[in-house]
$ cat my_file-v4.pdb   # PDB, C-alpha atoms, pLDDT in the B column
ATOM      1  CA  GLU A 133     103.312  95.597 110.607  1.00 57.00           C
ATOM      2  CA  ALA A 134     104.706  99.130 110.621  1.00 52.00           C
ATOM      3  CA  ALA A 135     102.070 101.816 110.976  1.00 91.00           C
ATOM      4  CA  VAL A 136     102.499 105.432 109.976  1.00 96.00           C
ATOM      5  CA  THR A 137      99.364 107.524 109.607  1.00 96.00           C
ATOM      6  CA  GLN A 138      99.107 110.982 108.095  1.00 97.00           C
ATOM      7  CA  SER A 139      96.430 113.641 108.250  1.00 96.00           C
ATOM      8  CA  PRO A 140      94.897 115.194 106.356  1.00 97.00           C
ATOM      9  CA  ARG A 141      95.155 112.929 103.329  1.00 95.00           C
ATOM     10  CA  SER A 142      94.229 115.789 101.075  1.00 97.00           C
ATOM     11  CA  LYS A 143      94.096 119.549 101.531  1.00 97.00           C
ATOM     12  CA  VAL A 144      93.485 122.646  99.457  1.00 98.00           C
ATOM     13  CA  ALA A 145      95.086 125.799 100.831  1.00 97.00           C
ATOM     14  CA  VAL A 146      95.257 129.404  99.723  1.00 97.00           C
ATOM     15  CA  THR A 147      98.498 131.179  98.963  1.00 97.00           C
ATOM     16  CA  GLY A 148      99.835 132.797 102.110  1.00 97.00           C
ATOM     17  CA  GLY A 149      97.810 130.602 104.428  1.00 97.00           C
ATOM     18  CA  LYS A 150      99.175 128.309 107.129  1.00 97.00           C
ATOM     19  CA  VAL A 151      99.156 124.540 106.617  1.00 98.00           C
ATOM     20  CA  THR A 152      99.958 121.840 109.154  1.00 98.00           C
ATOM     21  CA  LEU A 153     100.448 118.224 108.114  1.00 98.00           C
ATOM     22  CA  SER A 154     100.460 115.677 110.918  1.00 98.00           C
ATOM     23  CA  CYS A 155     102.072 112.278 111.222  1.00 98.00           C
ATOM     24  CA  HIS A 156     101.677 109.589 113.868  1.00 97.00           C
ATOM     25  CA  GLN A 157     103.658 106.346 114.119  1.00 97.00           C
ATOM     26  CA  THR A 158     103.098 103.301 116.281  1.00 96.00           C
ATOM     27  CA  ASN A 159     106.382 101.595 115.325  1.00 91.00           C
ATOM     28  CA  ASN A 160     108.329 102.820 118.330  1.00 90.00           C
ATOM     29  CA  HIS A 161     110.927 104.148 115.865  1.00 90.00           C
ATOM     30  CA  ASP A 162     113.356 106.873 116.820  1.00 89.00           C
ATOM     31  CA  TYR A 163     113.629 108.504 113.391  1.00 90.00           C
ATOM     32  CA  MET A 164     110.849 110.324 111.577  1.00 92.00           C
ATOM     33  CA  TYR A 165     110.995 112.144 108.259  1.00 93.00           C
ATOM     34  CA  TRP A 166     109.044 114.403 105.956  1.00 96.00           C
ATOM     35  CA  TYR A 167     109.538 113.948 102.222  1.00 96.00           C
ATOM     36  CA  ARG A 168     108.104 115.786  99.286  1.00 97.00           C
ATOM     37  CA  GLN A 169     107.177 114.150  95.965  1.00 95.00           C
ATOM     38  CA  ASP A 170     106.571 116.164  92.824  1.00 93.00           C
ATOM     39  CA  THR A 171     104.808 114.603  89.878  1.00 87.00           C
ATOM     40  CA  GLY A 172     107.063 112.256  87.957  1.00 79.00           C
ATOM     41  CA  HIS A 173     109.914 112.469  90.430  1.00 82.00           C
ATOM     42  CA  GLY A 174     111.340 110.724  93.426  1.00 85.00           C
ATOM     43  CA  LEU A 175     111.247 111.910  97.011  1.00 92.00           C
ATOM     44  CA  ARG A 176     113.255 114.711  98.549  1.00 92.00           C
ATOM     45  CA  LEU A 177     113.906 115.121 102.263  1.00 91.00           C
ATOM     46  CA  ILE A 178     112.511 118.256 103.930  1.00 95.00           C
ATOM     47  CA  HIS A 179     113.080 117.712 107.657  1.00 95.00           C
ATOM     48  CA  TYR A 180     113.797 114.800 109.946  1.00 92.00           C
ATOM     49  CA  SER A 181     114.026 114.080 113.664  1.00 92.00           C
ATOM     50  CA  TYR A 182     115.734 111.419 115.750  1.00 89.00           C
ATOM     51  CA  VAL A 183     114.421 112.428 119.179  1.00 91.00           C
ATOM     52  CA  ALA A 184     111.439 114.273 120.620  1.00 93.00           C
ATOM     53  CA  ASP A 185     111.721 118.067 120.822  1.00 94.00           C
ATOM     54  CA  SER A 186     114.478 118.157 118.210  1.00 93.00           C
ATOM     55  CA  THR A 187     114.363 118.484 114.420  1.00 95.00           C
ATOM     56  CA  GLU A 188     116.998 118.632 111.684  1.00 92.00           C
ATOM     57  CA  LYS A 189     117.011 120.197 108.242  1.00 93.00           C
ATOM     58  CA  GLY A 190     116.969 117.927 105.240  1.00 91.00           C
ATOM     59  CA  ASP A 191     117.847 118.790 101.670  1.00 89.00           C
ATOM     60  CA  ILE A 192     114.989 121.216 100.897  1.00 94.00           C
ATOM     61  CA  PRO A 193     113.970 122.843 104.212  1.00 97.00           C
ATOM     62  CA  ASP A 194     113.252 126.375 102.972  1.00 97.00           C
ATOM     63  CA  GLY A 195     109.630 127.387 103.527  1.00 97.00           C
ATOM     64  CA  TYR A 196     108.960 124.531 105.954  1.00 98.00           C
ATOM     65  CA  LYS A 197     109.146 124.044 109.700  1.00 98.00           C
ATOM     66  CA  ALA A 198     108.875 120.800 111.641  1.00 98.00           C
ATOM     67  CA  SER A 199     107.835 119.871 115.155  1.00 98.00           C
ATOM     68  CA  ARG A 200     108.395 116.620 117.087  1.00 97.00           C
ATOM     69  CA  PRO A 201     106.469 116.946 120.359  1.00 97.00           C
ATOM     70  CA  SER A 202     106.734 113.218 121.155  1.00 97.00           C
ATOM     71  CA  GLN A 203     108.332 110.075 119.755  1.00 95.00           C
ATOM     72  CA  GLU A 204     105.066 109.183 118.037  1.00 97.00           C
ATOM     73  CA  ASN A 205     104.200 112.530 116.430  1.00 98.00           C
ATOM     74  CA  PHE A 206     105.914 114.656 113.801  1.00 98.00           C
ATOM     75  CA  SER A 207     104.336 117.664 112.091  1.00 98.00           C
ATOM     76  CA  LEU A 208     105.253 119.661 109.012  1.00 98.00           C
ATOM     77  CA  ILE A 209     104.273 123.312 109.046  1.00 98.00           C
ATOM     78  CA  LEU A 210     103.992 125.678 106.114  1.00 97.00           C
ATOM     79  CA  GLU A 211     103.641 129.139 107.667  1.00 96.00           C
ATOM     80  CA  LEU A 212     103.025 130.925 104.357  1.00 97.00           C
ATOM     81  CA  ALA A 213     101.966 128.418 101.742  1.00 97.00           C
ATOM     82  CA  SER A 214     103.056 129.122  98.170  1.00 97.00           C
ATOM     83  CA  LEU A 215     102.028 127.728  94.796  1.00 97.00           C
ATOM     84  CA  SER A 216     105.388 125.961  94.488  1.00 96.00           C
ATOM     85  CA  GLN A 217     104.591 123.878  97.575  1.00 97.00           C
ATOM     86  CA  THR A 218     101.835 122.015  95.762  1.00 97.00           C
ATOM     87  CA  ALA A 219     102.987 118.387  96.022  1.00 97.00           C
ATOM     88  CA  VAL A 220     102.401 115.106  97.778  1.00 97.00           C
ATOM     89  CA  TYR A 221     104.024 114.909 101.200  1.00 98.00           C
ATOM     90  CA  PHE A 222     105.078 111.645 102.776  1.00 97.00           C
ATOM     91  CA  CYS A 223     105.943 110.998 106.372  1.00 97.00           C
ATOM     92  CA  ALA A 224     108.168 108.053 107.230  1.00 94.00           C
ATOM     93  CA  SER A 225     109.720 106.411 110.252  1.00 93.00           C
ATOM     94  CA  SER A 226     112.766 104.183 110.631  1.00 89.00           C
ATOM     95  CA  PRO A 227     114.451 102.312 113.469  1.00 83.00           C
ATOM     96  CA  GLY A 228     117.477 103.697 115.249  1.00 60.00           C
ATOM     97  CA  LEU A 229     120.053 102.879 112.592  1.00 57.00           C
ATOM     98  CA  GLY A 230     120.797 106.445 111.745  1.00 57.00           C
ATOM     99  CA  VAL A 231     119.343 108.512 108.976  1.00 57.00           C
ATOM    100  CA  THR A 232     119.806 105.647 106.535  1.00 65.00           C
ATOM    101  CA  GLY A 233     117.651 102.989 108.163  1.00 78.00           C
ATOM    102  CA  GLN A 234     114.806 101.220 106.384  1.00 86.00           C
ATOM    103  CA  LEU A 235     111.967 103.628 105.745  1.00 90.00           C
ATOM    104  CA  TYR A 236     108.311 102.919 106.477  1.00 92.00           C
ATOM    105  CA  PHE A 237     106.012 105.408 104.786  1.00 95.00           C
ATOM    106  CA  GLY A 238     102.580 106.797 105.524  1.00 96.00           C
ATOM    107  CA  GLU A 239      99.928 107.004 102.829  1.00 95.00           C
ATOM    108  CA  GLY A 240     100.828 110.533 101.762  1.00 96.00           C
ATOM    109  CA  SER A 241      99.114 113.926 101.992  1.00 97.00           C
ATOM    110  CA  LYS A 242      98.214 115.667  98.766  1.00 97.00           C
ATOM    111  CA  LEU A 243      98.520 119.430  99.153  1.00 98.00           C
ATOM    112  CA  THR A 244      97.173 121.832  96.549  1.00 97.00           C
ATOM    113  CA  VAL A 245      97.957 125.517  97.025  1.00 97.00           C
ATOM    114  CA  LEU A 246      95.788 127.890  95.014  1.00 96.00           C
TER
ATOM    115  CA  GLY B1200     117.706 112.406  90.933  1.00 66.00           C
ATOM    116  CA  ASP B1201     121.232 113.168  89.817  1.00 81.00           C
ATOM    117  CA  LYS B1202     122.830 110.884  92.414  1.00 90.00           C
ATOM    118  CA  VAL B1203     120.609 107.909  91.651  1.00 94.00           C
ATOM    119  CA  LYS B1204     119.761 107.104  88.043  1.00 96.00           C
ATOM    120  CA  GLN B1205     117.050 104.589  87.323  1.00 96.00           C
ATOM    121  CA  SER B1206     116.536 102.774  84.048  1.00 96.00           C
ATOM    122  CA  PRO B1207     114.426 102.330  82.141  1.00 96.00           C
ATOM    123  CA  SER B1208     112.165 105.268  82.968  1.00 94.00           C
ATOM    124  CA  ALA B1209     109.149 103.336  81.698  1.00 96.00           C
ATOM    125  CA  LEU B1210     108.469  99.723  80.846  1.00 95.00           C
ATOM    126  CA  SER B1211     105.562  97.679  79.513  1.00 96.00           C
ATOM    127  CA  LEU B1212     105.474  93.938  80.140  1.00 95.00           C
ATOM    128  CA  GLN B1213     103.222  91.138  79.089  1.00 97.00           C
ATOM    129  CA  GLU B1214     101.800  89.187  82.000  1.00 97.00           C
ATOM    130  CA  GLY B1215     103.983  86.174  82.764  1.00 97.00           C
ATOM    131  CA  THR B1216     107.225  87.615  81.410  1.00 97.00           C
ATOM    132  CA  ASN B1217     110.418  88.626  83.242  1.00 97.00           C
ATOM    133  CA  SER B1218     112.288  91.891  83.458  1.00 96.00           C
ATOM    134  CA  ALA B1219     115.010  93.759  85.295  1.00 97.00           C
ATOM    135  CA  LEU B1220     115.155  97.310  86.586  1.00 98.00           C
ATOM    136  CA  ARG B1221     118.417  99.036  87.358  1.00 98.00           C
ATOM    137  CA  CYS B1222     119.784 101.816  89.543  1.00 97.00           C
ATOM    138  CA  ASN B1223     123.193 103.376  89.055  1.00 97.00           C
ATOM    139  CA  PHE B1224     124.722 105.478  91.811  1.00 95.00           C
ATOM    140  CA  SER B1225     127.116 108.401  91.626  1.00 94.00           C
ATOM    141  CA  ILE B1226     127.617 108.226  95.393  1.00 90.00           C
ATOM    142  CA  ALA B1227     129.485 105.595  97.388  1.00 91.00           C
ATOM    143  CA  ALA B1228     126.307 103.808  98.400  1.00 92.00           C
ATOM    144  CA  THR B1229     126.290 101.604 101.477  1.00 90.00           C
ATOM    145  CA  THR B1230     122.612 100.603 101.558  1.00 92.00           C
ATOM    146  CA  VAL B1231     119.864 100.428  98.944  1.00 95.00           C
ATOM    147  CA  GLN B1232     116.092 100.334  99.358  1.00 95.00           C
ATOM    148  CA  TRP B1233     113.496  99.449  96.737  1.00 97.00           C
ATOM    149  CA  PHE B1234     109.895 100.594  96.895  1.00 97.00           C
ATOM    150  CA  LEU B1235     106.798 100.100  94.811  1.00 97.00           C
ATOM    151  CA  GLN B1236     104.429 103.038  94.564  1.00 95.00           C
ATOM    152  CA  ASN B1237     101.107 101.469  93.666  1.00 92.00           C
ATOM    153  CA  PRO B1238      98.426 103.181  91.569  1.00 89.00           C
ATOM    154  CA  ARG B1239      96.819 104.499  94.781  1.00 90.00           C
ATOM    155  CA  GLY B1240     100.050 106.285  95.640  1.00 91.00           C
ATOM    156  CA  SER B1241     101.158 104.163  98.590  1.00 92.00           C
ATOM    157  CA  LEU B1242     104.874 103.383  98.962  1.00 94.00           C
ATOM    158  CA  ILE B1243     105.455  99.725  99.720  1.00 93.00           C
ATOM    159  CA  ASN B1244     108.762  98.397 101.019  1.00 91.00           C
ATOM    160  CA  LEU B1245     110.242  95.737  98.781  1.00 96.00           C
ATOM    161  CA  PHE B1246     113.863  95.373  99.852  1.00 96.00           C
ATOM    162  CA  TYR B1247     116.457  96.885 102.157  1.00 93.00           C
ATOM    163  CA  LEU B1248     119.935  95.797 101.102  1.00 93.00           C
ATOM    164  CA  VAL B1249     123.529  95.978 102.131  1.00 91.00           C
ATOM    165  CA  PRO B1250     125.864  94.626  99.407  1.00 94.00           C
ATOM    166  CA  GLY B1251     124.536  91.239  98.336  1.00 96.00           C
ATOM    167  CA  THR B1252     121.256  89.788  97.166  1.00 97.00           C
ATOM    168  CA  LYS B1253     117.783  89.159  98.560  1.00 97.00           C
ATOM    169  CA  GLU B1254     114.825  87.320  97.196  1.00 97.00           C
ATOM    170  CA  ASN B1255     111.135  87.515  98.027  1.00 96.00           C
ATOM    171  CA  GLY B1256     108.741  85.451  95.980  1.00 97.00           C
ATOM    172  CA  ARG B1257     108.914  86.574  92.356  1.00 97.00           C
ATOM    173  CA  LEU B1258     111.211  89.490  93.185  1.00 98.00           C
ATOM    174  CA  LYS B1259     114.974  89.389  93.532  1.00 98.00           C
ATOM    175  CA  SER B1260     117.316  92.279  94.172  1.00 98.00           C
ATOM    176  CA  ALA B1261     121.082  92.625  94.053  1.00 98.00           C
ATOM    177  CA  PHE B1262     123.346  95.415  95.237  1.00 97.00           C
ATOM    178  CA  ASP B1263     126.963  95.729  94.104  1.00 97.00           C
ATOM    179  CA  SER B1264     128.594  98.576  96.038  1.00 93.00           C
ATOM    180  CA  LYS B1265     131.914  98.294  94.184  1.00 95.00           C
ATOM    181  CA  GLU B1266     130.299  98.755  90.773  1.00 95.00           C
ATOM    182  CA  SER B1267     127.737 101.214  92.232  1.00 95.00           C
ATOM    183  CA  TYR B1268     124.517  99.666  91.007  1.00 97.00           C
ATOM    184  CA  SER B1269     121.516  97.693  92.106  1.00 98.00           C
ATOM    185  CA  THR B1270     119.019  95.621  90.167  1.00 98.00           C
ATOM    186  CA  LEU B1271     115.473  94.460  90.776  1.00 98.00           C
ATOM    187  CA  HIS B1272     114.371  91.370  88.865  1.00 98.00           C
ATOM    188  CA  ILE B1273     110.691  90.616  88.393  1.00 97.00           C
ATOM    189  CA  ARG B1274     109.840  87.063  87.423  1.00 97.00           C
ATOM    190  CA  ASP B1275     106.473  86.000  85.984  1.00 97.00           C
ATOM    191  CA  ALA B1276     105.065  89.537  86.046  1.00 97.00           C
ATOM    192  CA  GLN B1277     101.487  89.890  87.303  1.00 97.00           C
ATOM    193  CA  LEU B1278      98.957  92.701  86.829  1.00 96.00           C
ATOM    194  CA  GLU B1279      99.369  93.736  90.467  1.00 95.00           C
ATOM    195  CA  ASP B1280     103.072  94.428  89.854  1.00 96.00           C
ATOM    196  CA  SER B1281     102.089  97.567  87.946  1.00 96.00           C
ATOM    197  CA  GLY B1282     103.160 100.868  89.476  1.00 96.00           C
ATOM    198  CA  THR B1283     106.291 102.953  89.870  1.00 96.00           C
ATOM    199  CA  TYR B1284     109.414 101.370  91.304  1.00 97.00           C
ATOM    200  CA  PHE B1285     111.811 103.589  93.218  1.00 96.00           C
ATOM    201  CA  CYS B1286     115.266 102.838  94.471  1.00 96.00           C
ATOM    202  CA  ALA B1287     116.939 104.877  97.177  1.00 93.00           C
ATOM    203  CA  ALA B1288     120.590 104.804  98.152  1.00 92.00           C
ATOM    204  CA  SER B1289     122.434 106.008 101.209  1.00 88.00           C
ATOM    205  CA  GLY B1290     126.117 106.660 101.702  1.00 81.00           C
ATOM    206  CA  SER B1291     128.640 108.038 104.111  1.00 73.00           C
ATOM    207  CA  ASN B1292     127.043 111.484 104.010  1.00 69.00           C
ATOM    208  CA  ASN B1293     124.132 110.076 106.006  1.00 70.00           C
ATOM    209  CA  ARG B1294     121.484 110.958 103.437  1.00 78.00           C
ATOM    210  CA  ILE B1295     119.068 108.848 101.427  1.00 86.00           C
ATOM    211  CA  PHE B1296     118.774 109.796  97.752  1.00 90.00           C
ATOM    212  CA  PHE B1297     115.882 108.654  95.599  1.00 92.00           C
ATOM    213  CA  GLY B1298     115.841 107.966  91.899  1.00 93.00           C
ATOM    214  CA  ASP B1299     113.039 109.282  89.680  1.00 93.00           C
ATOM    215  CA  GLY B1300     111.428 105.874  89.330  1.00 94.00           C
ATOM    216  CA  THR B1301     110.570 103.282  86.682  1.00 96.00           C
ATOM    217  CA  GLN B1302     106.921 103.223  85.609  1.00 96.00           C
ATOM    218  CA  LEU B1303     105.882  99.635  85.000  1.00 97.00           C
ATOM    219  CA  VAL B1304     102.699  98.566  83.251  1.00 97.00           C
ATOM    220  CA  VAL B1305     101.877  94.876  83.143  1.00 97.00           C
ATOM    221  CA  LYS B1306      99.388  93.990  80.416  1.00 96.00           C
ATOM    222  CA  PRO B1307      97.172  90.900  80.242  1.00 95.00           C
TER
END
$ encode --input "my_file-v4.pdb" --output "structure tokens"
Amino acid sequence: EAAVTQSPRSKVAVTGGKVTLSCHQTNNHDYMYWYRQDTGHGLRLIHYSYVADSTEKGDIPDGYKASRPSQENFSLILELASLSQTAVYFCASSPGLGVTGQLYFGEGSKLTVL
Amino acid sequence: GDKVKQSPSALSLQEGTNSALRCNFSIAATTVQWFLQNPRGSLINLFYLVPGTKENGRLKSAFDSKESYSTLHIRDAQLEDSGTYFCAASGSNNRIFFGDGTQLVVKP
């Protein structure tokens, strides 16, 4: 069974503060992703990575950075959190079939920026 | 999303009945994925499809790339089927696009 774990599961941050969301996978998958879900909507891709020490921009990268220090770990960094970044963030991994492989999601991290 | 349109947006079913959810694509989709987001918020894989059909228990999904749509059929709906169903399509631009979901409530 695929295993993607995220931390923290929930966080309250202040506007202008720094937030780091972490993701760890034990699937031995090459690809990892960060998605954002806003209430009542589907998921949108922020950043992704297909190899350690390299990240790529997704569809909504502004205001976010990503870091892939190893195959297993992928972090999403908000250097200056803003109210508009309040959302649920999902990490996912997929096997080496390109960006469009089957996605396996973590449990999500609910971020509230006040 | 504007590239993946799901219908209906919401649906209420009586336990034991059947229904079908649909996704229409405005991209030349090559693969489709279906997920269930349960009431706890977890995203559960249901199907990963190239053009064709797959079946898993009471669920069956079809993907027609020529007509640019996919369907998810639920047979004998159970209370635990409640949640939001998302489809996601990918195409030659190497991106996965999600629809906005169908909220399903199964009532006893």
$ closest_residue --input "my_file-v4.pdb" --among "A:Tyr196, A:Asn159, A:Glu204, A:Gly149" --to "A:Leu177" --atoms "all atoms listed in the file"
A:Tyr196
$ closest_residue --input "my_file-v4.pdb" --among "A:Asp170, A:Glu239, A:Asp185, A:Asp191" --to "B:Arg1294" --atoms "all atoms listed in the file"
A:Asp191
$ closest_residue --input "my_file-v4.pdb" --among "B:Leu1235, B:Leu1242, B:Ala1219, B:Val1304" --to "B:Lys1259" --atoms "only C-alpha atoms"
B:Ala1219
$ atom_distance --input "my_file-v4.pdb" --atom1 "atom CA of B:Val1305" --atom2 "atom CA of B:Phe1285"
16.6 Å
$ closest_atom_pairs --input "my_file-v4.pdb" --of "chain B" --to "chain A" --cutoff "7 Å" --atoms "all atoms listed in the file" --output "JSON lines"
{"residue": "B:Ser1241", "atom": "CA", "partner": "A:Glu239", "partner_atom": "CA", "distance": 5.2}
{"residue": "B:Leu1242", "atom": "CA", "partner": "A:Phe237", "partner_atom": "CA", "distance": 6.3}
{"residue": "B:Tyr1247", "atom": "CA", "partner": "A:Gln234", "partner_atom": "CA", "distance": 6.3}
{"residue": "B:Ser1289", "atom": "CA", "partner": "A:Thr232", "partner_atom": "CA", "distance": 6.0}
{"residue": "B:Asn1293", "atom": "CA", "partner": "A:Val231", "partner_atom": "CA", "distance": 5.8}
{"residue": "B:Arg1294", "atom": "CA", "partner": "A:Thr232", "partner_atom": "CA", "distance": 6.4}
{"residue": "B:Ile1295", "atom": "CA", "partner": "A:Thr232", "partner_atom": "CA", "distance": 6.1}
{"residue": "B:Phe1297", "atom": "CA", "partner": "A:Gly174", "partner_atom": "CA", "distance": 5.4}
{"residue": "B:Gly1298", "atom": "CA", "partner": "A:Gly174", "partner_atom": "CA", "distance": 5.5}
{"residue": "B:Asp1299", "atom": "CA", "partner": "A:Gly174", "partner_atom": "CA", "distance": 4.4}
{"residue": "B:Gly1300", "atom": "CA", "partner": "A:Gly174", "partner_atom": "CA", "distance": 6.3}
$ residues_near_point --input "my_file-v4.pdb" --point "(110.0, 115.1, 109.1)" --cutoff "6 Å" --atoms "all atoms listed in the file" --output "ChimeraX atom specification"
/A:164-166,179-180
$ closest_residue --input "my_file-v4.pdb" --among "B:Gln1302, B:Ser1291, B:Ser1208, B:Thr1216" --to "B:Gln1277" --atoms "all atoms listed in the file"
B:Thr1216
$ residues_around --input "my_file-v4.pdb" --residues "B:Gly1251" --least-positions-apart "5" --cutoff "8 Å" --atoms "only C-alpha atoms" --output "ChimeraX atom specification"
/B:1261-1263
$ resolve_selection --input "my_file-v4.pdb" --expression "the PyMOL selection byres ((chain B and resi 1207) around 12)" --output "JSON list (two decimals) with C-alpha atoms, keeping the file's coordinate frame"
[["chain", "number", "residue", "atom", "x", "y", "z"],
["B", 1204, "LYS", "CA", 119.76, 107.10, 88.04],
["B", 1205, "GLN", "CA", 117.05, 104.59, 87.32],
["B", 1206, "SER", "CA", 116.54, 102.77, 84.05],
["B", 1208, "SER", "CA", 112.16, 105.27, 82.97],
["B", 1209, "ALA", "CA", 109.15, 103.34, 81.70],
["B", 1210, "LEU", "CA", 108.47, 99.72, 80.85],
["B", 1211, "SER", "CA", 105.56, 97.68, 79.51],
["B", 1218, "SER", "CA", 112.29, 91.89, 83.46],
["B", 1219, "ALA", "CA", 115.01, 93.76, 85.30],
["B", 1220, "LEU", "CA", 115.16, 97.31, 86.59],
["B", 1221, "ARG", "CA", 118.42, 99.04, 87.36],
["B", 1222, "CYS", "CA", 119.78, 101.82, 89.54],
["B", 1223, "ASN", "CA", 123.19, 103.38, 89.06],
["B", 1270, "THR", "CA", 119.02, 95.62, 90.17],
["B", 1271, "LEU", "CA", 115.47, 94.46, 90.78],
["B", 1283, "THR", "CA", 106.29, 102.95, 89.87],
["B", 1284, "TYR", "CA", 109.41, 101.37, 91.30],
["B", 1285, "PHE", "CA", 111.81, 103.59, 93.22],
["B", 1298, "GLY", "CA", 115.84, 107.97, 91.90],
["B", 1299, "ASP", "CA", 113.04, 109.28, 89.68],
["B", 1300, "GLY", "CA", 111.43, 105.87, 89.33],
["B", 1301, "THR", "CA", 110.57, 103.28, 86.68],
["B", 1302, "GLN", "CA", 106.92, 103.22, 85.61],
["B", 1303, "LEU", "CA", 105.88, 99.64, 85.00]]
$ atom_distance --input "my_file-v4.pdb" --atom1 "atom CA of A:Val183" --atom2 "atom CA of A:Ala145"
29.8 Å
$ residues_around --input "my_file-v4.pdb" --residues "A:Val146" --least-positions-apart "6" --cutoff "12 Å" --atoms "all atoms listed in the file" --output "NGL selection string"
:A and (210-218 or 243-246)
$ write_last_selection --input "my_file-v4.pdb" --atoms "C-alpha atoms" --output "mmCIF file, in the coordinates of the input"
data_model
loop_
_atom_site.group_PDB
_atom_site.id
_atom_site.type_symbol
_atom_site.label_atom_id
_atom_site.label_comp_id
_atom_site.auth_asym_id
_atom_site.auth_seq_id
_atom_site.Cartn_x
_atom_site.Cartn_y
_atom_site.Cartn_z
ATOM 1 C CA LEU A 210 103.992 125.678 106.114
ATOM 2 C CA GLU A 211 103.641 129.139 107.667
ATOM 3 C CA LEU A 212 103.025 130.925 104.357
ATOM 4 C CA ALA A 213 101.966 128.418 101.742
ATOM 5 C CA SER A 214 103.056 129.122 98.170
ATOM 6 C CA LEU A 215 102.028 127.728 94.796
ATOM 7 C CA SER A 216 105.388 125.961 94.488
ATOM 8 C CA GLN A 217 104.591 123.878 97.575
ATOM 9 C CA THR A 218 101.835 122.015 95.762
ATOM 10 C CA LEU A 243 98.520 119.430 99.153
ATOM 11 C CA THR A 244 97.173 121.832 96.549
ATOM 12 C CA VAL A 245 97.957 125.517 97.025
ATOM 13 C CA LEU A 246 95.788 127.890 95.014
#
$ atom_distance --input "my_file-v4.pdb" --atom1 "atom CA of A:Ser142" --atom2 "atom CA of B:Phe1234"
22.2 Å
$ resolve_selection --input "my_file-v4.pdb" --expression "the PyMOL selection byres ((chain B and resi 1224) around 8)" --output "CSV table (one decimal) with C-alpha atoms, keeping the file's coordinate frame"
chain,number,residue,atom,x,y,z
B,1202,LYS,CA,122.8,110.9,92.4
B,1203,VAL,CA,120.6,107.9,91.7
B,1204,LYS,CA,119.8,107.1,88.0
B,1222,CYS,CA,119.8,101.8,89.5
B,1223,ASN,CA,123.2,103.4,89.1
B,1225,SER,CA,127.1,108.4,91.6
B,1226,ILE,CA,127.6,108.2,95.4
B,1227,ALA,CA,129.5,105.6,97.4
B,1228,ALA,CA,126.3,103.8,98.4
B,1267,SER,CA,127.7,101.2,92.2
B,1268,TYR,CA,124.5,99.7,91.0
B,1288,ALA,CA,120.6,104.8,98.2
$ resolve_selection --input "my_file-v4.pdb" --expression "the PyMOL selection byres ((chain B and resi 1276) around 8)" --output "list in words"
Leu1212, Gln1213, Glu1214, Gly1215, Thr1216, Asn1217, Arg1257, Ile1273, Arg1274, Asp1275, Gln1277, Leu1278, Asp1280 and Val1305 of chain B
$ closest_residue --input "my_file-v4.pdb" --among "A:Val136, A:Val151, A:Leu208, A:Cys223" --to "A:Thr187" --atoms "only C-alpha atoms"
A:Leu208
$ axis_aligned_box --input "my_file-v4.pdb" --around "stretch 145-153 of chain A" --padding-each-side "5 Å" --output "AutoDock Vina command-line options"
--center_x 97.8 --center_y 125.5 --center_z 104.1 --size_x 15.4 --size_y 24.6 --size_z 20.2
$ build_atoms --input "my_file-v4.pdb" --residues "stretch 1283-1290 of chain B" --atoms "N, CA, C and O atoms" --output "compact mmCIF listing (two decimals), in the frame of the given file"
# COMPACT_ATOMS: atom_id res chain seq x y z
N THR B 1283 104.99 102.32 90.05
CA THR B 1283 106.29 102.95 89.87
C THR B 1283 107.26 102.41 90.91
O THR B 1283 106.96 102.43 92.11
N TYR B 1284 108.40 101.94 90.43
CA TYR B 1284 109.41 101.37 91.30
C TYR B 1284 110.50 102.41 91.56
O TYR B 1284 111.05 102.99 90.62
N PHE B 1285 110.77 102.64 92.83
CA PHE B 1285 111.81 103.59 93.22
C PHE B 1285 112.93 102.86 93.94
O PHE B 1285 112.68 101.97 94.75
N CYS B 1286 114.16 103.26 93.63
CA CYS B 1286 115.27 102.84 94.47
C CYS B 1286 115.79 104.06 95.21
O CYS B 1286 115.63 105.20 94.75
N ALA B 1287 116.38 103.81 96.35
CA ALA B 1287 116.94 104.88 97.18
C ALA B 1287 118.25 104.38 97.76
O ALA B 1287 118.31 103.24 98.24
N ALA B 1288 119.27 105.20 97.68
CA ALA B 1288 120.59 104.80 98.15
C ALA B 1288 121.07 105.75 99.24
O ALA B 1288 120.77 106.94 99.23
N SER B 1289 121.82 105.19 100.17
CA SER B 1289 122.43 106.01 101.21
C SER B 1289 123.93 105.76 101.22
O SER B 1289 124.39 104.69 100.81
N GLY B 1290 124.66 106.76 101.67
CA GLY B 1290 126.12 106.66 101.70
C GLY B 1290 126.69 107.26 102.96
O GLY B 1290 125.97 107.49 103.93
